[in-house]
>>> print(open('start06.cif').read())   # mmCIF, C-alpha atoms and all ligand atoms
data_coords
loop_
_atom_site.label_atom_id
_atom_site.label_comp_id
_atom_site.auth_asym_id
_atom_site.auth_seq_id
_atom_site.Cartn_x
_atom_site.Cartn_y
_atom_site.Cartn_z
CA MET A 1202 208.94 85.29 86.08
CA LEU A 1203 211.94 87.29 87.34
CA SER A 1204 212.78 90.56 85.70
CA VAL A 1205 215.67 92.68 86.93
CA ALA A 1206 216.24 96.02 85.25
CA TYR A 1207 218.97 98.65 85.49
CA LEU A 1208 219.99 97.55 88.97
CA ASP A 1209 222.58 99.68 90.78
CA VAL A 1210 223.81 98.37 94.13
CA ALA A 1211 226.44 99.77 96.48
CA TYR A 1212 228.02 98.97 99.85
CA GLU A 1213 228.24 102.37 101.53
CA ASN A 1214 229.87 104.45 98.83
CA ALA A 1215 231.37 101.59 96.84
CA MET A 1216 229.24 100.90 93.79
CA VAL A 1217 229.30 97.19 93.01
CA LEU A 1218 226.53 96.58 90.47
CA HIS A 1219 226.05 98.93 87.54
CA GLY A 1220 222.84 98.77 85.56
CA ILE A 1221 222.31 95.00 85.74
CA SER A 1222 219.32 93.70 83.77
CA LEU A 1223 218.28 90.08 83.46
CA GLU A 1224 215.24 87.95 82.74
CA VAL A 1225 214.29 84.47 83.90
CA GLU A 1226 211.40 82.65 82.27
CA HIS A 1227 209.32 80.04 84.03
CA GLY A 1228 211.16 76.70 84.26
CA GLN A 1229 214.44 78.06 82.98
CA MET A 1230 217.90 77.31 84.31
CA VAL A 1231 219.80 80.57 84.02
CA PHE A 1232 223.48 80.91 84.91
CA VAL A 1233 225.45 83.92 86.07
CA ALA A 1234 229.19 83.55 85.55
CA GLY A 1235 232.00 85.91 86.41
CA ARG A 1236 235.27 86.14 88.27
CA ASN A 1237 235.70 86.54 92.04
CA GLY A 1238 234.44 89.92 93.13
CA ALA A 1239 232.41 90.53 89.96
CA GLY A 1240 229.27 91.08 92.05
CA LYS A 1241 227.42 87.77 91.61
CA THR A 1242 226.59 87.27 95.28
CA THR A 1243 225.65 90.94 95.60
CA LEU A 1244 223.14 90.41 92.80
CA PHE A 1245 221.60 87.42 94.63
CA LYS A 1246 221.53 89.27 97.95
CA THR A 1247 219.68 92.11 96.29
CA ILE A 1248 217.09 89.85 94.64
CA ALA A 1249 216.60 87.95 97.93
CA GLY A 1250 216.05 91.17 99.89
CA PHE A 1251 219.26 91.34 101.93
CA LEU A 1252 220.41 94.48 100.13
CA LYS A 1253 218.43 97.44 98.89
CA PRO A 1254 219.30 98.66 95.41
CA ARG A 1255 220.30 102.28 94.85
CA SER A 1256 218.14 102.26 91.76
CA GLY A 1257 216.57 99.89 89.28
CA SER A 1258 213.79 97.37 89.62
CA VAL A 1259 213.23 93.73 90.54
CA PHE A 1260 209.91 92.20 89.51
CA PHE A 1261 208.86 88.68 90.46
CA GLU A 1262 205.72 87.35 88.82
CA GLY A 1263 204.72 90.90 88.00
CA MET A 1264 205.21 92.20 91.53
CA SER A 1265 207.84 94.74 92.49
CA ILE A 1266 210.03 93.15 95.19
CA ALA A 1267 213.05 95.48 95.30
CA GLY A 1268 213.55 96.55 98.90
CA LEU A 1269 211.21 93.92 100.40
CA PRO A 1270 212.78 92.22 103.44
CA PRO A 1271 214.17 88.68 102.93
CA GLU A 1272 211.34 86.94 104.81
CA LYS A 1273 208.74 88.55 102.54
CA VAL A 1274 210.71 87.58 99.44
CA ALA A 1275 210.95 84.02 100.72
CA LEU A 1276 207.20 83.88 101.29
CA LEU A 1277 206.71 84.70 97.60
CA GLY A 1278 208.60 81.51 96.71
CA ILE A 1279 212.17 82.68 96.17
CA ARG A 1280 214.79 80.59 97.98
CA TYR A 1281 218.36 81.75 98.26
CA ILE A 1282 220.96 79.02 98.80
CA PHE A 1283 224.02 80.75 100.20
CA GLN A 1284 227.53 80.33 98.89
CA ASP A 1285 228.89 79.14 102.27
CA LYS A 1286 227.18 75.70 102.20
CA ARG A 1287 226.49 75.94 105.90
CA VAL A 1288 224.22 73.31 107.44
CA PHE A 1289 223.38 72.73 111.12
CA SER A 1290 226.34 70.38 111.60
CA ASN A 1291 225.37 69.13 115.05
CA LEU A 1292 221.83 68.26 114.01
CA THR A 1293 220.94 65.21 111.97
CA VAL A 1294 220.05 65.46 108.31
CA ARG A 1295 216.42 64.81 109.24
CA GLU A 1296 216.49 67.58 111.85
CA ASN A 1297 217.94 69.97 109.28
CA LEU A 1298 214.94 69.20 107.09
CA GLU A 1299 212.54 69.55 110.03
CA LEU A 1300 213.78 73.08 110.63
CA ALA A 1301 212.77 73.99 107.09
CA ALA A 1302 209.50 72.05 107.08
CA TYR A 1303 208.14 73.42 110.35
CA PRO A 1304 207.75 77.12 109.45
CA VAL A 1305 206.06 76.33 106.13
CA LYS A 1306 203.90 73.61 107.74
CA GLU A 1307 205.00 70.87 105.38
CA ASN A 1308 204.76 67.36 106.81
CA MET A 1309 208.05 65.57 107.28
CA LYS A 1310 207.26 62.70 104.96
CA ASP A 1311 206.74 65.09 102.05
CA ALA A 1312 209.82 67.07 103.01
CA VAL A 1313 212.01 63.96 103.15
CA ASP A 1314 210.50 62.63 99.91
CA LYS A 1315 211.48 65.81 98.09
CA VAL A 1316 215.10 65.25 99.00
CA LEU A 1317 215.04 61.51 98.27
CA GLN A 1318 213.54 62.14 94.85
CA ILE A 1319 216.55 64.16 93.80
CA TYR A 1320 219.11 62.13 95.80
CA PRO A 1321 217.92 58.68 96.96
CA LYS A 1322 221.22 58.01 98.73
CA MET A 1323 220.30 60.61 101.37
CA GLU A 1324 218.06 58.00 103.00
CA GLN A 1325 221.06 56.32 104.61
CA PHE A 1326 222.24 59.63 106.07
CA LEU A 1327 218.95 60.85 107.58
CA SER A 1328 219.92 59.95 111.14
CA LEU A 1329 223.52 61.07 110.84
CA LYS A 1330 224.84 64.47 111.85
CA ALA A 1331 224.77 66.82 108.86
CA GLY A 1332 228.36 67.75 109.72
CA SER A 1333 229.46 64.26 108.68
CA LEU A 1334 228.25 64.71 105.08
CA SER A 1335 230.68 65.40 102.25
CA GLY A 1336 230.69 68.88 100.72
CA GLY A 1337 228.58 67.69 97.80
CA GLN A 1338 226.06 65.97 100.03
CA ARG A 1339 225.82 69.09 102.17
CA GLN A 1340 225.10 71.13 99.06
CA ILE A 1341 222.42 68.60 98.07
CA LEU A 1342 220.92 68.82 101.56
CA LEU A 1343 220.74 72.60 101.20
CA ILE A 1344 219.12 72.30 97.78
CA GLY A 1345 216.69 69.69 99.08
CA ARG A 1346 215.84 71.90 102.03
CA ALA A 1347 215.11 74.77 99.65
CA LEU A 1348 212.57 72.57 97.86
CA ILE A 1349 210.45 72.31 101.02
CA GLY A 1350 207.34 74.47 100.92
CA LYS A 1351 206.39 75.76 97.52
CA PRO A 1352 209.46 77.34 95.98
CA LYS A 1353 209.11 78.88 92.55
CA LEU A 1354 212.59 80.20 92.04
CA LEU A 1355 215.88 79.01 93.51
CA LEU A 1356 218.93 81.25 93.63
CA ILE A 1357 221.90 78.91 94.04
CA ASP A 1358 225.24 80.56 94.75
CA GLU A 1359 228.22 78.52 93.47
CA PRO A 1360 226.88 75.00 94.10
CA THR A 1361 230.07 73.24 92.96
CA GLU A 1362 232.62 75.60 94.54
CA GLY A 1363 235.21 73.76 96.61
CA LEU A 1364 233.77 70.30 95.94
CA ALA A 1365 235.82 67.23 95.12
CA ALA A 1366 235.50 66.17 91.48
CA GLY A 1367 233.49 63.05 92.33
CA THR A 1368 230.82 64.87 94.27
CA ILE A 1369 230.45 67.62 91.66
CA ASN A 1370 228.76 64.99 89.50
CA ASP A 1371 226.25 64.23 92.26
CA VAL A 1372 225.34 67.91 92.46
CA LEU A 1373 225.06 68.20 88.66
CA ASN A 1374 222.81 65.18 88.60
CA VAL A 1375 220.57 66.73 91.24
CA LEU A 1376 220.37 69.99 89.29
CA SER A 1377 219.48 68.10 86.10
CA LEU A 1378 216.71 66.23 87.89
CA MET A 1379 215.23 69.56 89.01
CA ARG A 1380 215.18 71.00 85.51
CA GLY A 1381 211.73 72.26 84.59
CA LYS A 1382 210.30 71.53 88.08
CA VAL A 1383 211.46 74.82 89.55
CA SER A 1384 213.05 77.88 87.96
CA MET A 1385 216.69 78.42 88.89
CA VAL A 1386 219.33 81.09 88.72
CA ILE A 1387 222.74 79.60 89.44
CA VAL A 1388 226.02 81.42 90.02
CA GLU A 1389 228.82 79.25 88.70
CA GLN A 1390 232.45 79.85 87.82
CA ASN A 1391 233.05 76.40 86.33
CA LEU A 1392 232.27 77.01 82.68
CA SER A 1393 232.05 73.28 81.90
CA VAL A 1394 229.17 73.05 84.36
CA VAL A 1395 227.57 76.10 82.76
CA GLY A 1396 227.92 74.52 79.32
CA MET A 1397 226.23 71.32 80.45
CA LEU A 1398 223.17 72.83 82.07
CA ALA A 1399 222.45 76.42 81.05
CA ASP A 1400 219.42 77.59 79.08
CA LYS A 1401 220.85 81.09 79.27
CA VAL A 1402 224.04 82.63 80.60
CA TYR A 1403 224.87 86.11 81.80
CA MET A 1404 228.56 86.93 81.91
CA VAL A 1405 229.25 89.49 84.65
CA LYS A 1406 232.40 91.55 84.94
CA GLU A 1407 233.01 94.34 87.43
CA GLY A 1408 229.33 94.62 88.20
CA LYS A 1409 228.15 94.82 84.60
CA ILE A 1410 226.59 92.29 82.26
CA MET A 1411 229.15 91.86 79.50
CA LYS A 1412 227.21 89.32 77.48
CA GLU A 1413 223.96 87.38 77.45
CA MET A 1414 223.98 84.00 75.70
CA THR A 1415 221.11 81.71 74.81
CA ASP A 1416 222.58 79.95 71.82
CA LYS A 1417 223.59 76.38 72.79
CA ALA A 1418 226.69 76.34 70.59
CA GLU A 1419 227.84 79.60 72.12
CA ILE A 1420 227.17 78.38 75.67
CA ASN A 1421 229.27 75.29 74.97
CA ASP A 1422 232.17 77.34 73.63
CA LYS A 1423 234.32 77.80 76.73
CA THR A 1424 236.93 79.90 74.97
CA ALA A 1425 234.30 82.34 73.73
CA MET A 1426 232.76 82.55 77.19
CA GLU A 1427 236.14 83.14 78.83
CA SER A 1428 236.64 86.21 76.66
CA TYR A 1429 233.85 87.92 78.63
CA LEU A 1430 235.30 87.17 82.06
N1 LIG B 1 229.63 93.55 102.82
C1 LIG B 1 230.41 94.17 101.94
N2 LIG B 1 230.89 95.42 102.16
C2 LIG B 1 231.68 96.05 101.25
N3 LIG B 1 232.03 95.53 100.09
C3 LIG B 1 231.61 94.29 99.80
C4 LIG B 1 230.77 93.55 100.70
N4 LIG B 1 230.50 92.34 100.15
C5 LIG B 1 231.12 92.33 98.96
N5 LIG B 1 231.78 93.49 98.75
C6 LIG B 1 232.57 93.85 97.54
O1 LIG B 1 231.68 93.87 96.44
C7 LIG B 1 232.30 93.29 95.30
C8 LIG B 1 231.44 92.14 94.78
O2 LIG B 1 231.41 91.11 95.75
P1 LIG B 1 230.53 89.82 95.58
O3 LIG B 1 230.65 89.03 96.81
O4 LIG B 1 229.18 90.20 95.12
O5 LIG B 1 231.31 89.11 94.37
P2 LIG B 1 231.18 87.64 93.79
O6 LIG B 1 231.11 87.81 92.31
O7 LIG B 1 230.10 86.91 94.45
O8 LIG B 1 232.60 87.01 94.15
P3 LIG B 1 232.99 85.49 94.54
O9 LIG B 1 233.07 84.77 93.25
O10 LIG B 1 234.31 85.63 95.19
O11 LIG B 1 231.93 84.95 95.46
C9 LIG B 1 233.71 92.89 95.72
O12 LIG B 1 234.57 93.92 95.35
C10 LIG B 1 233.60 92.79 97.23
O13 LIG B 1 234.83 93.09 97.83
MG MG B 2 230.03 85.22 95.55
#
>>> encode(input="start06.cif", output="structure tokens")
Amino acid sequence: MLSVAYLDVAYENAMVLHGISLEVEHGQMVFVAGRNGAGKTTLFKTIAGFLKPRSGSVFFEGMSIAGLPPEKVALLGIRYIFQDKRVFSNLTVRENLELAAYPVKENMKDAVDKVLQIYPKMEQFLSLKAGSLSGGQRQILLIGRALIGKPKLLLIDEPTEGLAAGTINDVLNVLSLMRGKVSMVIVEQNLSVVGMLADKVYMVKEGKIMKEMTDKAEINDKTAMESYL
């Protein structure tokens, strides 16, 4: 459903991505792993329309989307969940969901149900300020919010980064529950998380794909994966 080919991306004169190609099939959970500064977020920003590639192509469901503005990309069903885990802290959890439901004309009951299906505990937080949630719960709120409307592909940038060990499990559980319901590309540096969930992994180093892995045994071999970082 997503096909990226020979993507070159630069900030001013600094080339950051060099000839990146990747494929995501319908329903897959694809991971992109790589060290800090490898270009993972740049790749997501380009797919989501925040950056224009120097060259190369991005096709989504057969349509060329490279260079489309973010709002157009979003309308096609691609949701980008930023790395910064920012919610509207002074609004309640319910209000955070309302802000996502309103523009896509989804009724609030359906919007709330989507979140409760992946994380029933959120019910007790609906009237609380989103700023009072733990890091993991905030990440789950952002994922739940991205499910509002009719998303086809989620781009999730480092969902477990900076989370306490206990809440990482909540996030992993949520991601597992979403498997097969929506296609996902997930940037993740924690290779144990990658091993648990990935259908396919792209190892990125200095803006290049060093290795693509689909073999389960290979994906579970952390030492082998680390050699491509
Ligand atoms: N707005 C920008 N202007 C100039 N250079 C940038 C900009 N954003 C990122 N870069 C540079 O591009 C490179 C890739 O950054 P990017 O944020 O894509 O990496 P990343 O793999 O997501 O890293 P991290 O794991 O730290 O989030 C880095 O060298 C970074 O310094
Ligand atoms: Mg990043």
>>> atom_distance(input="start06.cif", atom1="CA of Ile1319 in chain A", atom2="CA of Leu1355 in chain A")
14.9 Å
>>> closest_atom_pairs(input="start06.cif", of="chain A", to="ligand LIG 1 (chain B)", cutoff="7 Å", atoms="all atoms listed in the file", output="tab-separated table")
residue	atom	partner	partner_atom	distance
A:Tyr1212	CA	B:LIG1	C2	4.9
A:Ala1215	CA	B:LIG1	N3	6.9
A:Val1217	CA	B:LIG1	O1	5.3
A:Gly1235	CA	B:LIG1	O6	6.3
A:Arg1236	CA	B:LIG1	O9	5.6
A:Asn1237	CA	B:LIG1	O9	3.4
A:Gly1238	CA	B:LIG1	O5	3.5
A:Ala1239	CA	B:LIG1	O6	3.8
A:Gly1240	CA	B:LIG1	O4	3.2
A:Lys1241	CA	B:LIG1	O6	3.8
A:Thr1242	CA	B:LIG1	O7	3.6
A:Thr1243	CA	B:LIG1	O4	3.6
A:Leu1244	CA	B:LIG1	O4	6.5
>>> atom_distance(input="start06.cif", atom1="CA of Ser1333 in chain A", atom2="CA of Val1313 in chain A")
18.3 Å
>>> residues_near_point(input="start06.cif", point="(222.4, 78.8, 72.4)", cutoff="10 Å", atoms="all atoms listed in the file", output="MDAnalysis selection string")
chainID A and resid 1396 1399:1402 1414:1422
>>> write_last_selection(input="start06.cif", atoms="C-alpha atoms", output="compact mmCIF listing (two decimals), in the coordinates of the input")
# COMPACT_ATOMS: atom_id res chain seq x y z
CA GLY A 1396 227.92 74.52 79.32
CA ALA A 1399 222.45 76.42 81.05
CA ASP A 1400 219.42 77.59 79.08
CA LYS A 1401 220.85 81.09 79.27
CA VAL A 1402 224.04 82.63 80.60
CA MET A 1414 223.98 84.00 75.70
CA THR A 1415 221.11 81.71 74.81
CA ASP A 1416 222.58 79.95 71.82
CA LYS A 1417 223.59 76.38 72.79
CA ALA A 1418 226.69 76.34 70.59
CA GLU A 1419 227.84 79.60 72.12
CA ILE A 1420 227.17 78.38 75.67
CA ASN A 1421 229.27 75.29 74.97
CA ASP A 1422 232.17 77.34 73.63
>>> residues_near_point(input="start06.cif", point="(220.2, 65.7, 90.6)", cutoff="12 Å", atoms="all atoms listed in the file", output="JSON list (two decimals) with C-alpha atoms, in the coordinates of the input")
[["chain", "number", "residue", "atom", "x", "y", "z"],
["A", 1315, "LYS", "CA", 211.48, 65.81, 98.09],
["A", 1316, "VAL", "CA", 215.10, 65.25, 99.00],
["A", 1317, "LEU", "CA", 215.04, 61.51, 98.27],
["A", 1318, "GLN", "CA", 213.54, 62.14, 94.85],
["A", 1319, "ILE", "CA", 216.55, 64.16, 93.80],
["A", 1320, "TYR", "CA", 219.11, 62.13, 95.80],
["A", 1321, "PRO", "CA", 217.92, 58.68, 96.96],
["A", 1322, "LYS", "CA", 221.22, 58.01, 98.73],
["A", 1323, "MET", "CA", 220.30, 60.61, 101.37],
["A", 1337, "GLY", "CA", 228.58, 67.69, 97.80],
["A", 1338, "GLN", "CA", 226.06, 65.97, 100.03],
["A", 1340, "GLN", "CA", 225.10, 71.13, 99.06],
["A", 1341, "ILE", "CA", 222.42, 68.60, 98.07],
["A", 1342, "LEU", "CA", 220.92, 68.82, 101.56],
["A", 1344, "ILE", "CA", 219.12, 72.30, 97.78],
["A", 1345, "GLY", "CA", 216.69, 69.69, 99.08],
["A", 1360, "PRO", "CA", 226.88, 75.00, 94.10],
["A", 1368, "THR", "CA", 230.82, 64.87, 94.27],
["A", 1369, "ILE", "CA", 230.45, 67.62, 91.66],
["A", 1370, "ASN", "CA", 228.76, 64.99, 89.50],
["A", 1371, "ASP", "CA", 226.25, 64.23, 92.26],
["A", 1372, "VAL", "CA", 225.34, 67.91, 92.46],
["A", 1373, "LEU", "CA", 225.06, 68.20, 88.66],
["A", 1374, "ASN", "CA", 222.81, 65.18, 88.60],
["A", 1375, "VAL", "CA", 220.57, 66.73, 91.24],
["A", 1376, "LEU", "CA", 220.37, 69.99, 89.29],
["A", 1377, "SER", "CA", 219.48, 68.10, 86.10],
["A", 1378, "LEU", "CA", 216.71, 66.23, 87.89],
["A", 1379, "MET", "CA", 215.23, 69.56, 89.01],
["A", 1380, "ARG", "CA", 215.18, 71.00, 85.51],
["A", 1382, "LYS", "CA", 210.30, 71.53, 88.08],
["A", 1398, "LEU", "CA", 223.17, 72.83, 82.07]]
>>> closest_residue(input="start06.cif", among="A:Val1259, A:Lys1406, A:Phe1283, A:Val1305", to="Glu1427 in chain A", atoms="all atoms listed in the file")
A:Lys1406
>>> atom_distance(input="start06.cif", atom1="CA of Val1386 in chain A", atom2="CA of Ile1282 in chain A")
10.4 Å
>>> closest_residue(input="start06.cif", among="A:Phe1245, A:Tyr1403, A:Tyr1281, A:Phe1326", to="Val1233 in chain A", atoms="all atoms listed in the file")
A:Tyr1403
>>> closest_residue(input="start06.cif", among="A:Gly1250, A:Gly1263, A:Gly1350, A:Gly1363", to="Asn1308 in chain A", atoms="only C-alpha atoms")
A:Gly1350
>>> residues_around(input="start06.cif", residues="Arg1280 in chain A", least_positions_apart="5", cutoff="9 Å", atoms="all atoms listed in the file", output="compact mmCIF listing (two decimals) with C-alpha atoms, keeping the file's coordinate frame")
# COMPACT_ATOMS: atom_id res chain seq x y z
CA ALA A 1249 216.60 87.95 97.93
CA VAL A 1274 210.71 87.58 99.44
CA ALA A 1275 210.95 84.02 100.72
CA ALA A 1347 215.11 74.77 99.65
CA LEU A 1348 212.57 72.57 97.86
CA PRO A 1352 209.46 77.34 95.98
CA LYS A 1353 209.11 78.88 92.55
CA LEU A 1354 212.59 80.20 92.04
CA LEU A 1355 215.88 79.01 93.51
CA LEU A 1356 218.93 81.25 93.63
CA ILE A 1357 221.90 78.91 94.04
>>> closest_residue(input="start06.cif", among="A:Lys1423, A:Arg1287, A:Lys1310, A:Arg1295", to="Ser1335 in chain A", atoms="only C-alpha atoms")
A:Arg1287
